[in-house]
Amino acid sequence: MAFPPLKNDLILRAARGEETERAPVWVMRQAGRYLPEFQAVRAHHSFFEICRTPALAKELTLQPIRRYSGLIDAAIIFSDILVVPQALGMEVQMNPGPHFPDPLNVPADVERLSKDVDVDKALGYVYEAITQTRHALNGEVPLIGFCGAPWTLFSYMIEGGGTKTFQKCKTWLFKYPEESKALLTRIADVCVDFLVGQIKAGAQLVQVFDSWAGELSPHHFQEFSLPSLQRISSGVRAKLAAAGIPAIPMTLFAKGANSELPALAQGAGYDVLGIDWCIDPTDARAAVGNRVALQGNMDPNVLYGGHEAIEREVKRMAERFKNGKGTKAWIANLGHGITPGVNPDDLRWFFECVHKYSASGSPV
């Protein structure tokens, strides 16, 4: 499949651990509700209708690239982590947050899931959206594909939606540990096929979102989440190699699992680790050494603080990531997704400040 030549490979170079003239920058949920043009499309279509309609998913993916052209260094396909539970046969509604009308209550309920998932058939609409978007980007920036991590998807499938206590899914871990591991493995295998399909369709990087990683103790993260994360990274690389497809950078964002950074850098199998704002970048770099690139990590709520606060915090972030050296193996981002109330002009200022303070020749 031939695509237009790439004009900006900054994020690919940073993901490979190279020194860059400045930090590449994008933000999680950049195709989102803070944009009036997003709201205009969303007014006429349901959330999952947009996900399943390649032309609409392409349009929402391109919106921040158009608005911030020259300032933003990657697009991320408009989709949702919960398309994987849908591929497994579960119903997911979005009103406005995710809701599973029929969650998994006990291990016997796993029998309701599809046995042999044809991921390419079930999620082919994501691949088509990726291919259309790659062509529409015309090489301006690389395109990121993604999936949710098994532990995070497992949590949603059992809790039936978002949760503050994680009571149901943790009951499974402690009461039914072997059944939990078996389900996590099943989810991981679907994620492998899904990411490989996205790469074949044109994704130039992929990211695994473990949004609830920080809800597990270090011991239980290593017992339940880490093996499935390793299964994804090794599985994707093996399938690409078998198909003669070059490997692409893989990012893991295990939000809140900052104590696990040394283990993740050592053995999880990813090129980039995303970090949240609850760890100092200098400490994160010390924890991972030179084994991986880092992505992050400004608190998204700084974007509500006005231009002075945004500039101050970006400057401080850049100082901590650069640590008196050049800009190397760092992808600038927020420490989690951008939230709906942000003024798009304040995000523009964030991008401009990243360009200024992350530049290799800048005074910080």
# chains A, B, ... in the order shown; residues from 1 in each chain; ligands from 1
call {"tool": "residues_around", "arguments": {"residues": "Leu104 in chain A", "least_positions_apart": "3", "cutoff": "7 Å", "atoms": "only C-alpha atoms", "output": "PyMOL selection string"}}
result
chain A and resi 109-110+157-158
call {"tool": "residues_around", "arguments": {"residues": "Asp193 in chain A", "least_positions_apart": "5", "cutoff": "10 Å", "atoms": "only C-alpha atoms", "output": "ChimeraX atom specification"}}
result
/A:117-120,188,198-199,232,235-236,239
call {"tool": "residues_around", "arguments": {"residues": "range 337-341 of chain A", "least_positions_apart": "4", "cutoff": "9 Å", "atoms": "only C-alpha atoms", "output": "PyMOL selection string"}}
result
chain A and resi 27-30+32-35+300-301+303-304
call {"tool": "closest_residue", "arguments": {"among": "A:Tyr125, A:Phe321, A:Phe38, A:Phe350", "to": "Leu294 in chain A", "atoms": "only C-alpha atoms"}}
result
A:Phe321
call {"tool": "closest_residue", "arguments": {"among": "A:Ala149, A:Leu273, A:Leu143, A:Ile65", "to": "Ala213 in chain A", "atoms": "only C-alpha atoms"}}
result
A:Ala149
call {"tool": "residues_around", "arguments": {"residues": "Ser228 in chain A", "least_positions_apart": "4", "cutoff": "12 Å", "atoms": "only C-alpha atoms", "output": "MDAnalysis selection string"}}
result
chainID A and resid 148:154 180:192 208 210 221:224 232:235 268:269
call {"tool": "write_last_selection", "arguments": {"atoms": "N, CA, C and O atoms", "output": "short mmCIF file (atom, residue, chain, number, x, y, z; two decimals), in the first residue's frame"}}
result
data_model
loop_
_atom_site.label_atom_id
_atom_site.label_comp_id
_atom_site.auth_asym_id
_atom_site.auth_seq_id
_atom_site.Cartn_x
_atom_site.Cartn_y
_atom_site.Cartn_z
N GLY A 148 -6.69 -0.28 24.03
CA GLY A 148 -6.63 -0.29 25.48
C GLY A 148 -5.83 -1.48 25.96
O GLY A 148 -5.70 -2.49 25.27
N ALA A 149 -5.26 -1.36 27.15
CA ALA A 149 -4.53 -2.49 27.75
C ALA A 149 -5.52 -3.50 28.33
O ALA A 149 -6.62 -3.13 28.75
N PRO A 150 -5.14 -4.77 28.36
CA PRO A 150 -6.07 -5.79 28.87
C PRO A 150 -6.62 -5.51 30.27
O PRO A 150 -7.82 -5.69 30.49
N TRP A 151 -5.78 -5.08 31.22
CA TRP A 151 -6.29 -4.82 32.57
C TRP A 151 -7.35 -3.73 32.54
O TRP A 151 -8.41 -3.84 33.20
N THR A 152 -7.12 -2.67 31.80
CA THR A 152 -8.09 -1.57 31.74
C THR A 152 -9.38 -2.04 31.06
O THR A 152 -10.49 -1.72 31.53
N LEU A 153 -9.29 -2.80 29.99
CA LEU A 153 -10.48 -3.31 29.30
C LEU A 153 -11.22 -4.31 30.19
O LEU A 153 -12.47 -4.29 30.27
N PHE A 154 -10.48 -5.19 30.85
CA PHE A 154 -11.03 -6.15 31.82
C PHE A 154 -11.87 -5.41 32.87
O PHE A 154 -12.99 -5.82 33.21
N SER A 180 -9.19 -14.89 35.83
CA SER A 180 -8.85 -13.51 35.46
C SER A 180 -7.70 -13.48 34.47
O SER A 180 -7.74 -12.78 33.46
N LYS A 181 -6.66 -14.27 34.76
CA LYS A 181 -5.50 -14.31 33.87
C LYS A 181 -5.88 -14.85 32.50
O LYS A 181 -5.38 -14.37 31.46
N ALA A 182 -6.78 -15.84 32.47
CA ALA A 182 -7.21 -16.39 31.19
C ALA A 182 -7.96 -15.34 30.37
O ALA A 182 -7.76 -15.23 29.14
N LEU A 183 -8.81 -14.55 31.03
CA LEU A 183 -9.54 -13.51 30.31
C LEU A 183 -8.59 -12.40 29.84
O LEU A 183 -8.70 -11.91 28.71
N LEU A 184 -7.65 -12.03 30.69
CA LEU A 184 -6.67 -11.02 30.30
C LEU A 184 -5.87 -11.47 29.07
O LEU A 184 -5.58 -10.68 28.17
N THR A 185 -5.54 -12.76 29.02
CA THR A 185 -4.83 -13.30 27.86
C THR A 185 -5.69 -13.26 26.61
O THR A 185 -5.20 -12.90 25.52
N ARG A 186 -6.97 -13.60 26.73
CA ARG A 186 -7.88 -13.53 25.58
C ARG A 186 -7.97 -12.11 25.04
O ARG A 186 -7.94 -11.88 23.83
N ILE A 187 -8.08 -11.16 25.96
CA ILE A 187 -8.16 -9.75 25.54
C ILE A 187 -6.86 -9.35 24.85
O ILE A 187 -6.87 -8.68 23.80
N ALA A 188 -5.72 -9.76 25.42
CA ALA A 188 -4.42 -9.41 24.84
C ALA A 188 -4.29 -9.93 23.42
O ALA A 188 -3.76 -9.24 22.53
N ASP A 189 -4.78 -11.15 23.17
CA ASP A 189 -4.65 -11.72 21.83
C ASP A 189 -5.47 -10.95 20.80
O ASP A 189 -5.04 -10.79 19.65
N VAL A 190 -6.64 -10.46 21.21
CA VAL A 190 -7.42 -9.61 20.31
C VAL A 190 -6.67 -8.30 20.06
O VAL A 190 -6.62 -7.80 18.93
N CYS A 191 -6.05 -7.75 21.11
CA CYS A 191 -5.29 -6.50 20.97
C CYS A 191 -4.12 -6.67 20.00
O CYS A 191 -3.83 -5.77 19.21
N VAL A 192 -3.45 -7.81 20.05
CA VAL A 192 -2.34 -8.08 19.13
C VAL A 192 -2.83 -8.01 17.69
O VAL A 192 -2.27 -7.28 16.85
N VAL A 208 -0.53 1.70 23.58
CA VAL A 208 -1.39 0.89 24.44
C VAL A 208 -1.70 1.72 25.68
O VAL A 208 -0.79 2.16 26.39
N ASP A 210 -3.02 1.89 29.29
CA ASP A 210 -3.41 1.20 30.52
C ASP A 210 -3.83 2.27 31.53
O ASP A 210 -3.11 2.61 32.47
N PHE A 221 0.17 -5.50 39.84
CA PHE A 221 0.44 -5.04 38.49
C PHE A 221 1.34 -6.05 37.77
O PHE A 221 1.09 -6.43 36.63
N GLN A 222 2.37 -6.50 38.47
CA GLN A 222 3.31 -7.46 37.86
C GLN A 222 2.67 -8.82 37.66
O GLN A 222 2.99 -9.53 36.70
N GLU A 223 1.71 -9.17 38.51
CA GLU A 223 1.05 -10.47 38.38
C GLU A 223 -0.01 -10.46 37.29
O GLU A 223 -0.12 -11.41 36.51
N PHE A 224 -0.81 -9.39 37.22
CA PHE A 224 -1.98 -9.41 36.34
C PHE A 224 -1.84 -8.55 35.08
O PHE A 224 -2.27 -8.97 34.01
N ILE A 232 1.31 -8.48 24.36
CA ILE A 232 0.97 -7.61 23.23
C ILE A 232 2.22 -7.18 22.47
O ILE A 232 2.30 -7.31 21.25
N SER A 233 3.22 -6.69 23.19
CA SER A 233 4.42 -6.19 22.50
C SER A 233 5.13 -7.30 21.74
O SER A 233 5.52 -7.14 20.58
N SER A 234 5.29 -8.45 22.37
CA SER A 234 5.99 -9.55 21.70
C SER A 234 5.15 -10.12 20.57
O SER A 234 5.67 -10.48 19.51
N GLY A 235 3.83 -10.20 20.78
CA GLY A 235 2.94 -10.73 19.76
C GLY A 235 2.89 -9.87 18.52
O GLY A 235 2.91 -10.38 17.38
N ALA A 268 9.14 -4.79 29.38
CA ALA A 268 7.77 -4.78 28.83
C ALA A 268 7.78 -4.88 27.31
O ALA A 268 6.79 -5.32 26.70
N GLY A 269 8.87 -4.43 26.67
CA GLY A 269 8.98 -4.58 25.22
C GLY A 269 8.50 -3.40 24.41
O GLY A 269 8.21 -3.54 23.22
#
call {"tool": "closest_residue", "arguments": {"among": "A:Ser225, A:Thr133, A:Thr20, A:Thr61", "to": "Lys325 in chain A", "atoms": "only C-alpha atoms"}}
result
A:Thr20
call {"tool": "decode", "arguments": {"residues": "range 320-352 of chain A", "atoms": "N, CA, C and O atoms", "output": "compact mmCIF listing (two decimals), in the first residue's frame"}}
result
# COMPACT_ATOMS: atom_id res chain seq x y z
N ARG A 320 13.21 19.87 33.08
CA ARG A 320 13.35 18.59 33.77
C ARG A 320 13.61 17.44 32.79
O ARG A 320 14.36 16.52 33.10
N PHE A 321 12.99 17.51 31.61
CA PHE A 321 13.25 16.46 30.62
C PHE A 321 14.65 16.61 30.02
O PHE A 321 15.34 15.61 29.78
N LYS A 322 15.07 17.84 29.76
CA LYS A 322 16.38 18.05 29.14
C LYS A 322 17.51 17.86 30.15
O LYS A 322 18.60 17.38 29.81
N ASN A 323 17.27 18.28 31.40
CA ASN A 323 18.22 18.05 32.49
C ASN A 323 19.63 18.53 32.13
O ASN A 323 20.62 17.83 32.35
N GLY A 324 19.67 19.74 31.55
CA GLY A 324 20.96 20.34 31.23
C GLY A 324 21.61 19.82 29.97
O GLY A 324 22.74 20.17 29.65
N LYS A 325 20.90 18.97 29.23
CA LYS A 325 21.45 18.39 28.01
C LYS A 325 20.57 18.77 26.82
O LYS A 325 19.70 19.61 26.92
N GLY A 326 20.79 18.10 25.70
CA GLY A 326 19.96 18.34 24.54
C GLY A 326 18.62 17.64 24.69
O GLY A 326 18.36 16.92 25.66
N THR A 327 17.74 17.88 23.72
CA THR A 327 16.44 17.23 23.71
C THR A 327 16.60 15.85 23.06
O THR A 327 16.94 15.75 21.88
N LYS A 328 16.38 14.81 23.84
CA LYS A 328 16.62 13.46 23.36
C LYS A 328 15.57 12.50 23.93
O LYS A 328 15.29 12.52 25.13
N ALA A 329 15.02 11.66 23.03
CA ALA A 329 14.11 10.58 23.45
C ALA A 329 12.95 11.11 24.30
O ALA A 329 12.55 10.48 25.27
N TRP A 330 12.42 12.28 23.93
CA TRP A 330 11.29 12.88 24.66
C TRP A 330 10.22 13.31 23.66
O TRP A 330 10.51 14.06 22.73
N ILE A 331 9.01 12.83 23.88
CA ILE A 331 7.82 13.27 23.15
C ILE A 331 6.98 14.07 24.12
O ILE A 331 6.52 13.54 25.14
N ALA A 332 6.79 15.35 23.85
CA ALA A 332 6.02 16.20 24.76
C ALA A 332 4.53 15.89 24.62
O ALA A 332 4.01 15.70 23.52
N ASN A 333 3.84 15.86 25.75
CA ASN A 333 2.42 15.53 25.78
C ASN A 333 1.90 15.97 27.14
O ASN A 333 2.65 16.45 27.99
N LEU A 334 0.61 15.78 27.35
CA LEU A 334 0.04 15.94 28.68
C LEU A 334 0.22 14.62 29.44
O LEU A 334 0.56 13.60 28.87
N GLY A 335 -0.04 14.67 30.74
CA GLY A 335 0.06 13.47 31.55
C GLY A 335 -1.19 12.61 31.51
O GLY A 335 -1.23 11.52 32.09
N HIS A 336 -2.22 13.08 30.82
CA HIS A 336 -3.44 12.31 30.53
C HIS A 336 -4.16 13.09 29.44
O HIS A 336 -3.61 14.03 28.88
N GLY A 337 -5.39 12.71 29.13
CA GLY A 337 -6.07 13.35 28.01
C GLY A 337 -6.52 14.77 28.30
O GLY A 337 -6.82 15.13 29.44
N ILE A 338 -6.59 15.59 27.25
CA ILE A 338 -7.12 16.94 27.36
C ILE A 338 -8.60 16.85 27.73
O ILE A 338 -9.31 15.93 27.30
N THR A 339 -9.08 17.77 28.55
CA THR A 339 -10.46 17.72 29.03
C THR A 339 -11.35 18.71 28.25
O THR A 339 -10.85 19.65 27.62
N PRO A 340 -12.68 18.48 28.26
CA PRO A 340 -13.56 19.20 27.32
C PRO A 340 -13.63 20.71 27.48
O PRO A 340 -13.96 21.40 26.52
N GLY A 341 -13.32 21.24 28.67
CA GLY A 341 -13.51 22.67 28.87
C GLY A 341 -12.35 23.55 28.43
O GLY A 341 -12.42 24.78 28.55
N VAL A 342 -11.30 22.96 27.90
CA VAL A 342 -10.11 23.73 27.52
C VAL A 342 -10.42 24.64 26.33
O VAL A 342 -11.08 24.24 25.37
N ASN A 343 -9.93 25.85 26.39
CA ASN A 343 -10.02 26.79 25.26
C ASN A 343 -8.99 26.36 24.21
O ASN A 343 -7.80 26.23 24.52
N PRO A 344 -9.42 26.14 22.97
CA PRO A 344 -8.46 25.70 21.94
C PRO A 344 -7.27 26.63 21.78
O PRO A 344 -6.18 26.19 21.42
N ASP A 345 -7.46 27.93 22.06
CA ASP A 345 -6.34 28.87 21.94
C ASP A 345 -5.29 28.64 23.03
O ASP A 345 -4.10 28.90 22.83
N ASP A 346 -5.73 28.13 24.18
CA ASP A 346 -4.78 27.82 25.24
C ASP A 346 -3.97 26.58 24.89
O ASP A 346 -2.78 26.49 25.25
N LEU A 347 -4.58 25.64 24.18
CA LEU A 347 -3.80 24.49 23.71
C LEU A 347 -2.79 24.94 22.66
O LEU A 347 -1.65 24.46 22.65
N ARG A 348 -3.19 25.88 21.80
CA ARG A 348 -2.25 26.43 20.82
C ARG A 348 -1.03 27.02 21.53
O ARG A 348 0.11 26.81 21.12
N TRP A 349 -1.27 27.74 22.61
CA TRP A 349 -0.18 28.35 23.37
C TRP A 349 0.72 27.27 23.98
O TRP A 349 1.95 27.41 23.99
N PHE A 350 0.12 26.19 24.47
CA PHE A 350 0.91 25.06 24.97
C PHE A 350 1.84 24.55 23.88
O PHE A 350 3.04 24.35 24.12
N PHE A 351 1.32 24.33 22.67
CA PHE A 351 2.16 23.85 21.57
C PHE A 351 3.29 24.85 21.27
O PHE A 351 4.44 24.46 21.08
N GLU A 352 2.96 26.12 21.23
CA GLU A 352 3.96 27.14 20.93
C GLU A 352 5.06 27.17 22.00
O GLU A 352 6.25 27.31 21.68
